[in-house]
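Text of start-v7.txt (compact mmCIF, C-alpha atoms) as supplied:
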```txt
# COMPACT_ATOMS: atom_id res chain seq x y z
CA ARG A 880 1.19 -3.13 -12.35
CA SER A 881 3.61 -2.55 -15.17
CA GLU A 882 2.64 -5.86 -16.76
CA LYS A 883 -1.05 -5.04 -17.02
CA PRO A 884 -2.31 -3.05 -20.05
CA ASN A 885 -2.33 0.75 -20.04
CA TRP A 886 0.94 1.66 -18.38
CA ASP A 887 3.08 4.65 -19.31
CA TYR A 888 6.01 5.06 -16.90
CA HIS A 889 6.89 8.61 -17.84
CA ALA A 890 3.28 9.82 -17.53
CA GLU A 891 2.92 8.05 -14.20
CA ILE A 892 6.01 9.74 -12.83
CA GLN A 893 4.77 13.15 -13.96
CA ALA A 894 1.41 12.48 -12.36
CA PHE A 895 3.20 11.49 -9.14
CA SER A 896 5.06 14.77 -8.97
CA HIS A 897 1.82 16.71 -9.56
CA ARG A 898 -0.04 14.65 -6.99
CA VAL A 899 2.48 15.54 -4.33
CA GLN A 900 2.55 19.17 -5.58
CA GLU A 901 6.32 19.32 -5.80
CA ASN A 902 8.62 20.01 -8.73
CA PHE A 903 11.08 17.21 -9.20
CA SER A 904 13.78 16.93 -11.77
CA LEU A 905 12.54 13.86 -13.57
CA ASP A 906 15.79 11.98 -14.02
CA LEU A 907 16.62 12.32 -10.32
CA LEU A 908 13.18 10.96 -9.56
CA LYS A 909 13.69 8.08 -11.98
CA THR A 910 16.97 7.15 -10.33
CA ALA A 911 15.26 7.35 -6.96
CA PHE A 912 12.92 4.54 -7.95
CA VAL A 913 15.67 2.19 -9.10
CA ASN A 914 16.73 -0.28 -6.44
CA PRO A 915 19.99 -2.25 -6.46
CA CYS A 916 18.16 -5.59 -6.43
CA TYR A 917 16.43 -4.56 -9.68
CA ILE A 918 19.75 -3.87 -11.37
CA GLU A 919 21.13 -7.23 -10.28
CA SER A 920 18.07 -9.13 -11.47
CA GLU A 921 18.05 -7.31 -14.80
CA GLU A 922 21.72 -8.08 -15.37
CA ALA A 923 21.20 -11.72 -14.45
CA ARG A 924 18.26 -11.95 -16.84
CA ARG A 925 20.20 -10.41 -19.69
CA ARG A 926 23.13 -12.70 -19.08
CA GLN A 927 20.78 -15.64 -19.23
CA LEU A 928 19.42 -14.43 -22.55
CA GLY A 929 22.95 -14.61 -23.90
CA LEU A 930 23.89 -11.00 -24.61
CA ASP A 931 27.56 -9.97 -24.53
CA LYS A 932 29.24 -8.10 -21.71
CA ASP A 933 28.71 -4.53 -22.95
CA ALA A 934 25.02 -4.91 -23.38
CA VAL A 935 24.72 -6.55 -19.99
CA ALA A 936 25.90 -3.51 -18.01
CA LEU A 937 22.83 -1.29 -17.59
CA GLN A 938 23.12 2.46 -17.78
CA LEU A 939 21.10 2.97 -14.63
CA GLN A 940 22.34 4.31 -11.32
CA ASP A 941 20.68 3.02 -8.21
CA ASN A 942 19.25 4.99 -5.37
CA THR A 943 21.53 4.19 -2.41
CA GLY A 944 23.14 7.66 -2.30
CA LEU A 945 19.77 9.37 -2.46
CA THR A 946 18.42 7.08 0.26
CA GLU A 947 21.19 7.95 2.68
CA ARG A 948 20.83 11.66 2.07
CA GLY A 949 17.06 11.48 2.44
CA LEU A 950 17.30 9.50 5.67
CA ARG A 951 19.81 11.88 7.24
CA PHE A 952 17.83 14.94 6.28
CA ALA A 953 14.54 13.46 7.49
CA ARG A 954 15.98 12.46 10.87
CA ALA A 955 17.70 15.80 11.41
CA TYR A 956 14.67 17.79 10.39
CA LEU A 957 12.26 15.79 12.53
CA ALA A 958 14.59 15.98 15.54
CA GLN A 959 14.77 19.73 15.10
CA CYS A 960 10.98 20.02 14.86
CA PHE A 961 10.52 18.11 18.07
CA GLU A 962 13.19 20.04 19.90
CA GLY A 963 11.41 23.23 18.94
CA ALA A 964 7.96 22.00 19.84
CA TYR A 965 8.69 20.08 23.04
CA PRO A 966 11.75 21.71 24.57
CA GLU A 967 11.45 19.74 27.80
CA LEU A 968 11.59 16.34 26.15
CA PRO A 969 14.94 14.58 26.78
CA ALA A 970 17.17 13.35 23.98
CA LYS A 971 16.09 9.73 24.41
CA GLY A 972 12.45 10.68 23.97
CA ILE A 973 13.16 12.64 20.79
CA GLU A 974 15.21 9.75 19.46
CA ALA A 975 12.36 7.33 20.19
CA LEU A 976 9.87 9.56 18.35
CA VAL A 977 12.15 9.96 15.32
CA ASN A 978 12.81 6.21 15.23
CA PHE A 979 9.12 5.53 15.31
CA LEU A 980 8.46 7.96 12.46
CA THR A 981 11.18 6.50 10.24
CA SER A 982 10.35 2.89 11.08
CA GLN A 983 9.62 0.39 8.36
CA GLU A 984 5.88 -0.10 8.90
CA LEU A 985 5.04 3.57 9.01
CA VAL A 986 7.13 4.61 6.03
CA SER A 987 5.94 1.69 3.90
CA TYR A 988 2.33 2.47 4.84
CA VAL A 989 2.75 6.09 3.74
CA ALA A 990 4.54 4.97 0.58
CA GLN A 991 1.80 2.54 -0.36
CA ASN A 992 -0.86 5.15 -0.06
CA LEU A 993 1.13 7.44 -2.34
CA SER A 994 1.34 4.81 -5.10
CA ILE A 995 5.09 4.38 -4.73
CA GLN A 996 4.66 0.62 -4.83
CA ASP A 997 3.57 0.91 -8.49
CA LEU A 998 6.54 3.04 -9.49
CA THR A 999 9.41 1.21 -7.76
CA LEU A 1000 11.64 -1.01 -9.82
CA CYS A 1001 12.67 -3.95 -7.71
CA ARG A 1002 13.14 -7.67 -7.90
CA ASP A 1003 10.14 -9.13 -6.04
CA PHE A 1004 6.50 -8.35 -6.42
CA PRO A 1005 4.74 -7.08 -4.28
CA ALA A 1006 7.54 -4.87 -3.04
CA PRO A 1007 8.62 -5.76 0.52
CA PRO A 1008 8.34 -2.99 3.13
CA ASP A 1009 12.07 -2.30 3.50
CA VAL A 1010 12.30 -1.69 -0.26
CA LEU A 1011 9.37 0.73 -0.01
CA GLN A 1012 11.01 2.49 2.91
CA ARG A 1013 14.27 2.91 1.02
CA THR A 1014 12.46 4.12 -2.09
CA PHE A 1015 10.49 6.72 -0.18
CA LEU A 1016 13.63 8.01 1.52
CA ALA A 1017 15.30 8.16 -1.90
CA VAL A 1018 12.37 10.22 -3.16
CA ILE A 1019 12.94 12.60 -0.25
CA GLY A 1020 16.63 12.73 -1.22
CA ALA A 1021 15.73 13.51 -4.84
CA LEU A 1022 13.42 16.29 -3.67
CA LEU A 1023 16.25 17.64 -1.54
CA GLU A 1024 18.51 17.83 -4.60
CA SER A 1025 15.88 19.37 -6.84
CA SER A 1026 14.07 21.88 -4.68
CA GLY A 1027 16.29 22.65 -1.74
CA PRO A 1028 15.95 22.03 2.01
CA GLU A 1029 12.98 24.29 2.71
CA ARG A 1030 10.47 22.59 0.47
CA THR A 1031 11.75 19.19 1.50
CA GLY A 1032 11.25 20.17 5.11
CA ILE A 1033 7.65 21.14 4.43
CA PHE A 1034 7.14 17.85 2.57
CA VAL A 1035 8.54 15.78 5.46
CA ARG A 1036 6.43 17.74 7.93
CA ASP A 1037 3.24 17.28 5.92
CA PHE A 1038 3.58 13.56 5.47
CA PHE A 1039 5.21 12.31 8.66
CA ILE A 1040 3.91 14.40 11.50
CA PRO A 1041 0.19 13.61 10.99
CA GLN A 1042 1.09 10.01 11.80
CA LEU A 1043 1.57 11.15 15.40
CA ILE A 1044 -2.02 12.33 15.81
CA GLY A 1045 -3.84 10.39 18.49
CA LYS A 1046 -0.75 8.59 19.71
CA ASP A 1047 0.37 8.79 23.30
CA LEU A 1048 4.01 9.48 24.22
CA PHE A 1049 4.53 6.29 26.15
CA GLU A 1050 3.06 4.12 23.42
CA ILE A 1051 5.98 5.19 21.25
CA TRP A 1052 8.71 5.54 23.88
CA GLU A 1053 9.12 2.51 26.12
CA VAL A 1054 10.03 3.64 29.62
CA VAL A 1055 10.86 0.88 32.07
CA ASN A 1056 11.05 2.89 35.28
CA PRO A 1057 8.88 6.02 35.10
CA MET A 1058 9.29 6.74 38.80
CA GLY A 1059 13.07 6.93 38.58
CA LEU A 1060 12.87 9.14 35.50
CA LEU A 1061 10.42 11.40 37.30
CA VAL A 1062 12.72 11.72 40.32
CA GLU A 1063 15.61 12.68 37.99
CA GLU A 1064 13.49 15.30 36.23
CA LEU A 1065 12.38 16.81 39.53
CA THR A 1066 15.92 16.99 40.89
CA LYS A 1067 16.95 18.80 37.71
CA ARG A 1068 14.29 21.40 38.44
CA ASN A 1069 15.13 21.52 42.18
CA ILE A 1070 11.77 20.26 43.38
CA SER A 1071 11.68 17.81 46.26
CA ALA A 1072 11.02 14.13 45.74
CA PRO A 1073 7.41 13.13 45.09
CA GLU A 1074 5.39 11.54 47.87
CA PRO A 1075 2.69 9.13 46.80
CA ARG A 1076 -0.59 9.08 48.69
CA ILE A 1077 -3.83 7.24 47.99
CA THR A 1078 -6.40 9.77 46.88
CA ARG A 1079 -9.42 7.67 46.16
CA GLN A 1080 -10.15 4.01 46.19
CA LEU A 1081 -13.07 1.89 45.13
CA GLY A 1082 -13.84 -1.74 45.57
CA VAL A 1083 -10.84 -2.65 47.69
CA SER A 1084 -11.99 -6.10 48.65
CA THR A 1085 -13.39 -7.07 45.25
CA VAL A 1086 -11.73 -8.63 42.21
CA LEU A 1087 -11.41 -5.28 40.41
CA PRO A 1088 -10.18 -2.62 42.80
CA VAL A 1089 -9.43 0.88 41.53
CA TYR A 1090 -6.86 3.01 43.34
CA PHE A 1091 -6.14 6.63 42.50
CA VAL A 1092 -2.65 7.50 43.69
CA GLY A 1093 -1.61 11.14 43.76
CA LEU A 1094 1.97 12.38 43.76
CA TYR A 1095 2.59 15.34 46.06
CA CYS A 1096 5.68 17.57 46.19
CA ASP A 1097 5.79 19.80 49.26
CA LYS A 1098 2.12 19.07 49.87
CA LYS A 1099 1.14 20.37 46.41
CA ILE A 1100 -0.33 17.98 43.91
CA LEU A 1101 1.75 17.03 40.89
CA ALA A 1102 -0.29 14.35 39.13
CA GLU A 1103 -2.81 11.66 39.80
CA GLY A 1104 -3.18 8.30 38.13
CA PRO A 1105 -5.49 5.31 38.37
CA GLY A 1106 -4.51 1.67 38.55
CA GLU A 1107 -5.63 -1.79 39.57
CA THR A 1108 -3.11 -2.38 42.34
CA LEU A 1109 -1.28 0.23 44.38
CA LEU A 1110 1.97 -0.30 42.48
CA ALA A 1111 0.29 -0.02 39.10
CA ALA A 1112 -1.46 3.16 40.20
CA GLU A 1113 1.79 4.68 41.40
CA GLU A 1114 3.49 3.91 38.08
CA GLU A 1115 0.59 5.38 36.15
CA ALA A 1116 0.70 8.53 38.28
CA ALA A 1117 4.43 8.83 37.53
CA ARG A 1118 3.69 8.55 33.80
CA VAL A 1119 0.99 11.22 34.01
CA ALA A 1120 3.43 13.50 35.83
CA LEU A 1121 6.07 12.94 33.12
CA ARG A 1122 3.56 13.72 30.39
CA LYS A 1123 2.68 16.97 32.10
CA LEU A 1124 6.32 17.92 32.56
CA TYR A 1125 7.25 17.22 28.93
CA GLY A 1126 4.21 19.00 27.60
CA TYR A 1127 2.89 15.99 25.68
CA THR A 1128 -0.55 15.76 27.30
CA GLU A 1129 -3.69 15.02 25.35
CA ASN A 1130 -4.89 18.59 25.55
CA ARG A 1131 -1.77 20.26 24.17
CA ARG A 1132 -1.97 22.62 21.19
CA PRO A 1133 -2.08 20.73 17.89
CA TRP A 1134 0.88 20.93 15.51
CA ASP A 1135 1.43 24.17 13.64
CA TYR A 1136 1.28 23.61 9.88
CA SER A 1137 1.47 27.22 8.73
CA LYS A 1138 4.11 28.43 6.29
CA PRO A 1139 7.47 28.52 8.02
CA LYS A 1140 9.51 31.71 8.00
CA GLN A 1141 12.78 30.22 9.20
CA GLY A 1142 14.83 29.25 6.19
CA LEU A 1143 17.92 29.29 8.39
CA ALA A 1144 16.74 26.42 10.54
CA ALA A 1145 16.49 24.01 7.64
CA GLU A 1146 19.89 25.02 6.35
CA LYS A 1147 21.38 24.41 9.76
CA ALA A 1148 19.98 20.90 9.55
CA ILE A 1149 21.84 20.32 6.30
CA SER A 1150 25.11 21.83 7.42
CA SER A 1151 25.17 19.85 10.64
CA ASN A 1152 25.23 16.53 8.72
CA ARG B 930 -1.59 18.94 1.97
CA TYR B 931 -4.26 17.58 -0.30
CA VAL B 932 -3.30 14.49 -2.33
CA ARG B 933 -5.82 13.50 -4.98
CA GLN B 934 -6.80 9.91 -4.41
CA LEU B 935 -7.49 9.05 -8.03
CA GLN B 936 -4.48 7.47 -9.67
CA ARG B 937 -5.53 6.74 -13.22
CA LEU B 938 -8.60 6.61 -15.43
CA GLN B 939 -8.86 4.15 -18.27
CA LEU B 940 -11.48 4.69 -20.94
CA LEU B 941 -12.13 1.48 -22.89
CA PHE B 942 -14.44 1.86 -25.81
CA SER B 943 -14.90 0.54 -29.33
CA PRO B 944 -14.76 2.86 -32.36
CA THR B 945 -17.66 1.31 -34.18
CA ALA B 946 -20.34 0.41 -31.66
CA ALA B 947 -23.34 2.73 -31.53
CA ASP B 948 -23.53 3.18 -27.78
CA ALA B 949 -19.95 4.39 -27.58
CA ARG B 950 -20.78 7.62 -29.43
CA GLY B 951 -20.55 9.74 -26.31
CA ALA B 952 -17.22 8.16 -25.44
CA ARG B 953 -15.85 8.94 -28.91
CA GLN B 954 -17.02 12.56 -28.69
CA PHE B 955 -15.44 12.86 -25.26
CA VAL B 956 -12.12 11.60 -26.61
CA GLU B 957 -12.22 14.03 -29.53
CA GLU B 958 -13.26 17.14 -27.66
CA ALA B 959 -13.08 17.11 -23.90
CA ALA B 960 -10.38 14.60 -22.98
CA GLN B 961 -7.47 17.00 -23.46
CA ASP B 962 -9.11 19.72 -21.36
CA PHE B 963 -9.86 17.23 -18.63
CA ALA B 964 -6.30 15.95 -18.63
CA ARG B 965 -4.93 19.48 -18.45
CA GLN B 966 -7.18 20.43 -15.58
CA HIS B 967 -6.23 17.33 -13.58
CA PRO B 968 -2.48 16.94 -14.06
CA ASP B 969 -2.14 14.38 -11.31
CA VAL B 970 -4.47 11.83 -12.91
CA VAL B 971 -3.12 9.71 -15.77
CA LEU B 972 -5.77 9.27 -18.46
CA TYR B 973 -5.45 6.27 -20.76
CA VAL B 974 -7.65 5.99 -23.83
CA SER B 975 -7.68 2.55 -25.40
CA PRO B 976 -10.01 1.77 -28.27
CA HIS B 977 -10.48 -1.94 -28.92
CA SER B 978 -11.63 -2.58 -32.42
CA GLY B 979 -14.76 -4.42 -33.46
CA PRO B 980 -17.97 -5.09 -31.55
CA GLY B 981 -16.54 -5.78 -28.13
CA PRO B 982 -17.79 -5.30 -24.56
CA ALA B 983 -19.68 -2.17 -23.58
CA PRO B 984 -17.71 1.07 -23.14
CA VAL B 985 -16.49 1.48 -19.60
CA LEU B 986 -14.59 4.06 -17.56
CA ARG B 987 -12.31 2.38 -15.01
CA ALA B 988 -10.91 4.37 -12.09
CA GLU B 989 -8.02 3.18 -9.90
CA TYR B 990 -7.40 4.77 -6.54
CA LEU B 991 -4.35 5.06 -4.32
CA ASN B 992 -5.55 2.46 -1.84
CA GLY B 993 -6.04 -0.08 -4.61
CA THR B 994 -9.80 -0.06 -5.23
CA VAL B 995 -10.85 -0.22 -8.87
CA ARG B 996 -14.22 1.19 -9.81
CA GLU B 997 -15.89 0.70 -13.19
CA GLU B 998 -18.68 2.84 -14.55
CA LEU B 999 -20.60 2.08 -17.73
CA VAL B 1000 -20.59 4.99 -20.17
CA ALA B 1001 -22.80 3.44 -22.86
CA SER B 1002 -25.32 5.86 -24.35
CA LYS B 1003 -24.05 8.86 -22.39
CA THR B 1004 -23.33 12.25 -23.88
CA SER B 1005 -19.90 13.85 -23.73
CA GLU B 1006 -20.87 16.29 -20.96
CA GLU B 1007 -22.22 13.49 -18.83
CA ILE B 1008 -18.94 11.63 -19.19
CA VAL B 1009 -17.06 14.76 -18.15
CA GLN B 1010 -19.27 15.07 -15.08
CA LEU B 1011 -18.75 11.41 -14.24
CA ALA B 1012 -15.00 11.75 -14.60
CA THR B 1013 -14.85 14.75 -12.27
CA LYS B 1014 -17.05 12.92 -9.76
CA LEU B 1015 -14.64 9.97 -9.79
CA ALA B 1016 -11.68 12.33 -9.55
CA ASN B 1017 -12.99 13.95 -6.39
CA GLN B 1018 -13.80 10.67 -4.65
CA SER B 1019 -11.48 8.68 -2.45
CA GLY B 1020 -11.01 4.96 -2.83
CA LEU B 1021 -13.00 3.96 0.26
CA ASP B 1022 -15.85 1.51 -0.26
CA ILE B 1023 -19.19 3.03 -1.07
CA ILE B 1024 -21.26 1.70 1.77
CA ARG B 1025 -23.88 3.21 4.01
CA ILE B 1026 -22.23 5.45 6.62
CA ARG B 1027 -23.81 4.53 9.93
CA LYS B 1028 -23.46 7.94 11.50
CA PRO B 1029 -22.49 11.20 9.81
CA PHE B 1030 -20.30 12.32 12.73
CA HIS B 1031 -17.19 10.94 14.32
CA THR B 1032 -14.88 12.32 16.98
CA ASP B 1033 -11.58 11.09 18.25
CA ASN B 1034 -12.00 13.18 21.39
CA PRO B 1035 -15.47 12.39 22.69
CA SER B 1036 -14.93 14.31 25.88
CA VAL B 1037 -13.31 17.69 26.37
CA GLN B 1038 -12.77 17.85 30.13
CA GLY B 1039 -12.45 14.15 30.76
CA GLN B 1040 -15.13 11.50 30.73
CA TRP B 1041 -17.22 11.14 33.86
CA HIS B 1042 -16.36 8.19 36.05
CA PRO B 1043 -17.79 7.44 39.49
CA LEU B 1044 -14.95 9.21 41.22
CA THR B 1045 -15.07 12.54 39.40
CA ASN B 1046 -16.89 14.66 41.85
CA LYS B 1047 -16.05 12.85 45.06
CA PRO B 1048 -13.57 14.66 47.25
CA SER B 1049 -10.27 12.95 47.91
CA ILE B 1050 -9.80 10.90 51.09
CA LEU B 1051 -6.91 13.06 52.10
CA THR B 1052 -8.89 16.24 52.75
CA VAL B 1053 -9.09 16.73 56.46
CA GLN B 1054 -12.53 17.02 57.99
CA GLY B 1055 -12.86 18.53 61.42
CA PRO B 1056 -15.74 19.87 63.48
CA ARG B 1057 -15.45 23.26 61.78
CA LEU B 1058 -13.51 22.40 58.58
CA GLN B 1059 -15.76 21.33 55.74
CA PRO B 1060 -14.37 19.62 52.60
CA GLN B 1061 -14.21 22.34 49.92
```

Target format structure tokens, applied to this file:
Amino acid sequence: RSEKPNWDYHAEIQAFSHRVQENFSLDLLKTAFVNPCYIESEEARRRQLGLDKDAVALQLQDNTGLTERGLRFARAYLAQCFEGAYPELPAKGIEALVNFLTSQELVSYVAQNLSIQDLTLCRDFPAPPDVLQRTFLAVIGALLESSGPERTGIFVRDFFIPQLIGKDLFEIWEVVNPMGLLVEELTKRNISAPEPRITRQLGVSTVLPVYFVGLYCDKKILAEGPGETLLAAEEEAARVALRKLYGYTENRRPWDYSKPKQGLAAEKAISSN
Amino acid sequence: RYVRQLQRLQLLFSPTAADARGARQFVEEAAQDFARQHPDVVLYVSPHSGPGPAPVLRAEYLNGTVREELVASKTSEEIVQLATKLANQSGLDIIRIRKPFHTDNPSVQGQWHPLTNKPSILTVQGPRLQPQ
């Protein structure tokens, strides 16, 4: 976009900071958009044009330090949010959720819709998704330096957590053996092993049978799940039981976006890095 | 939080053509106020000299759509209204919306399926026990 007419980099960066409603220090933000591949390509181009050594070395710093800081803060903050909201969820589940939220496709999608792809300085055009991911994390790092951990935490919460709306837990977290996981969870809570029984069945002798298998512990129902064959129904019932235990069902309370009052929590996230 | 979807507005007009009078008045009087009220939109004003194409207001949105509106023979206030209308839009295509409602959760207690109200096979039925 910088090659087309009507482009003012400084004005665009100011507009970006207003659009996101955050105060950035502008030179930190400008360094956040500079990628190492851009510096290399600029130096190579200047060397080809025949300038001497002093003019070749650019005065720009690149954004690798900011990227690392932004990534660490984002992961720590998101992990803390999830631990607070879903206390029953095991560490592997939280890790899977955080990995999903900081994955390349999601972060580059968010970055594109915030016009970061126009502001990045990098070698190829259009900017590849890993470059966009690194630039967005560097922007988070720059915000961390300029405004402090609280505002950055609110920023991360506002832009990453809505990406979880409508998604189911087991779409994000691949669980190979839900029945084994369920048995472990129940033994941790000192409940006896689940006993699967067929609750309802339809169309047994047709091509599309439907079995509802219910899991009972001490003759009290735990969860019920449908499936095509008996094994599939049992696995589905185990998944439903796990969702209920972890508190990630479809009818849970939606995320709380009100103003946070715990400044200490965010600072703990920083100090634990 | 709310992120305004309009990225930048480009006003292309010519300083001599007669139908660009409203555009010129807008640039002289109202453009600065507009820019101050919308700090997250970048406003570019580019006059191209001589009798060129008709004056146009081009809006670029965050999802990449570019929308052009003719501002020939419009007064300054009308251009201000047009600019605020573009600023409050999002970049989605302007097509007929088939239905004005949409839910992601069409059912609150679970959609009905043929097994909803049938009792489970496991409930014991005896001569005096009835399935509850």

Requested in this report: Dump as an MDAnalysis selection string all residues having an atom at most 10 Å from (-4.3, 20.6, 0.0), computed in the file's coordinates with all atoms listed in the file.
Outcome: (chainID A and resid 899:900) or (chainID B and resid 930:933)

Requested in this report: Find the residues of chain A in contact range of chain B, meaning any atom within 6 Å when counting only C-alpha atoms, and list them as a PyMOL selection string.
Outcome: chain A and resi 894+897-898+992+994+1078-1079

List every protein, DNA or RNA residue that has an atom no more than 10 Å from (-19.8, 3.4, -18.1) in the file's coordinate frame, counting all atoms listed in the file, and report them as a CSV table (one decimal) with C-alpha atoms, keeping the file's coordinate frame.
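Saved to out.csv:
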```csv
chain,number,residue,atom,x,y,z
B,940,LEU,CA,-11.5,4.7,-20.9
B,941,LEU,CA,-12.1,1.5,-22.9
B,942,PHE,CA,-14.4,1.9,-25.8
B,949,ALA,CA,-20.0,4.4,-27.6
B,952,ALA,CA,-17.2,8.2,-25.4
B,983,ALA,CA,-19.7,-2.2,-23.6
B,984,PRO,CA,-17.7,1.1,-23.1
B,985,VAL,CA,-16.5,1.5,-19.6
B,986,LEU,CA,-14.6,4.1,-17.6
B,987,ARG,CA,-12.3,2.4,-15.0
B,997,GLU,CA,-15.9,0.7,-13.2
B,998,GLU,CA,-18.7,2.8,-14.6
B,999,LEU,CA,-20.6,2.1,-17.7
B,1000,VAL,CA,-20.6,5.0,-20.2
B,1001,ALA,CA,-22.8,3.4,-22.9
B,1002,SER,CA,-25.3,5.9,-24.4
B,1003,LYS,CA,-24.0,8.9,-22.4
B,1008,ILE,CA,-18.9,11.6,-19.2
B,1011,LEU,CA,-18.8,11.4,-14.2
```

Requested in this report: In Å, rounded to a single decimal, give me how far CA of Arg965 in chain B is from CA of Arg953 in chain B.
Outcome: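 Taking CA of Arg953 in chain B as the start and CA of Arg965 in chain B as the end point, the length is 18.4 Å.
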
Query raised in the report: For Arg1122 in chain A, which residue among A:Phe1049, A:Cys916, A:Pro1073, A:Val1083 is the nearest when counting all atoms listed in the file?
Result: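 Using all atoms listed in the file, the shortest distance to Arg1122 in chain A belongs to A:Phe1049.
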
Query raised in the report: Suppose you want the space between CA of Val1018 in chain A and CA of Gln1018 in chain B; what is it in Å?
Result: 26.2 Å

Query raised in the report: How far is it from CA of Ser1071 in chain A to CA of Asp1097 in chain A, in Å with one decimal?
Result: 6.9 Å

Using all atoms listed in the file, which protein or nucleic acid residues come within 6 Å of Leu908 in chain A? Drop anything in the same chain fewer than 3 positions from it, and give the result as an mmCIF file with C-alpha atoms, in the frame of the given file.
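Resulting contents of around.cif:
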```
data_model
loop_
_atom_site.group_PDB
_atom_site.id
_atom_site.type_symbol
_atom_site.label_atom_id
_atom_site.label_comp_id
_atom_site.auth_asym_id
_atom_site.auth_seq_id
_atom_site.Cartn_x
_atom_site.Cartn_y
_atom_site.Cartn_z
ATOM 1 C CA LEU A 905 12.540 13.860 -13.570
ATOM 2 C CA ALA A 911 15.260 7.350 -6.960
ATOM 3 C CA ALA A 1021 15.730 13.510 -4.840
#
```

**Report entry** Nearest residue to Leu957 in chain A from the set A:Glu891, A:Arg925, A:Pro915, A:Phe1034 (distances using all atoms listed in the file)
**Finding:**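 Smallest separation from Leu957 in chain A among the options: A:Phe1034.
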
Kindly list the centre and edge lengths in Å, rounded to one decimal, for the axis-aligned box that covers all listed atoms of range 985-997 of chain B plus 6 Å on each of its six sides, as JSON.
```
{"center_x": -10.4, "center_y": 2.4, "center_z": -10.7, "size_x": 24.1, "size_y": 17.3, "size_z": 29.8}
```

Report task. Excluding Thr1128 in chain A and residues on its chain fewer than 2 positions from it, collect all residues at most 12 Å away from it, counting all atoms listed in the file, and give them as a VMD selection string. Result -> chain A and resid 965 1045 to 1049 1102 1118 to 1126 1130 to 1133
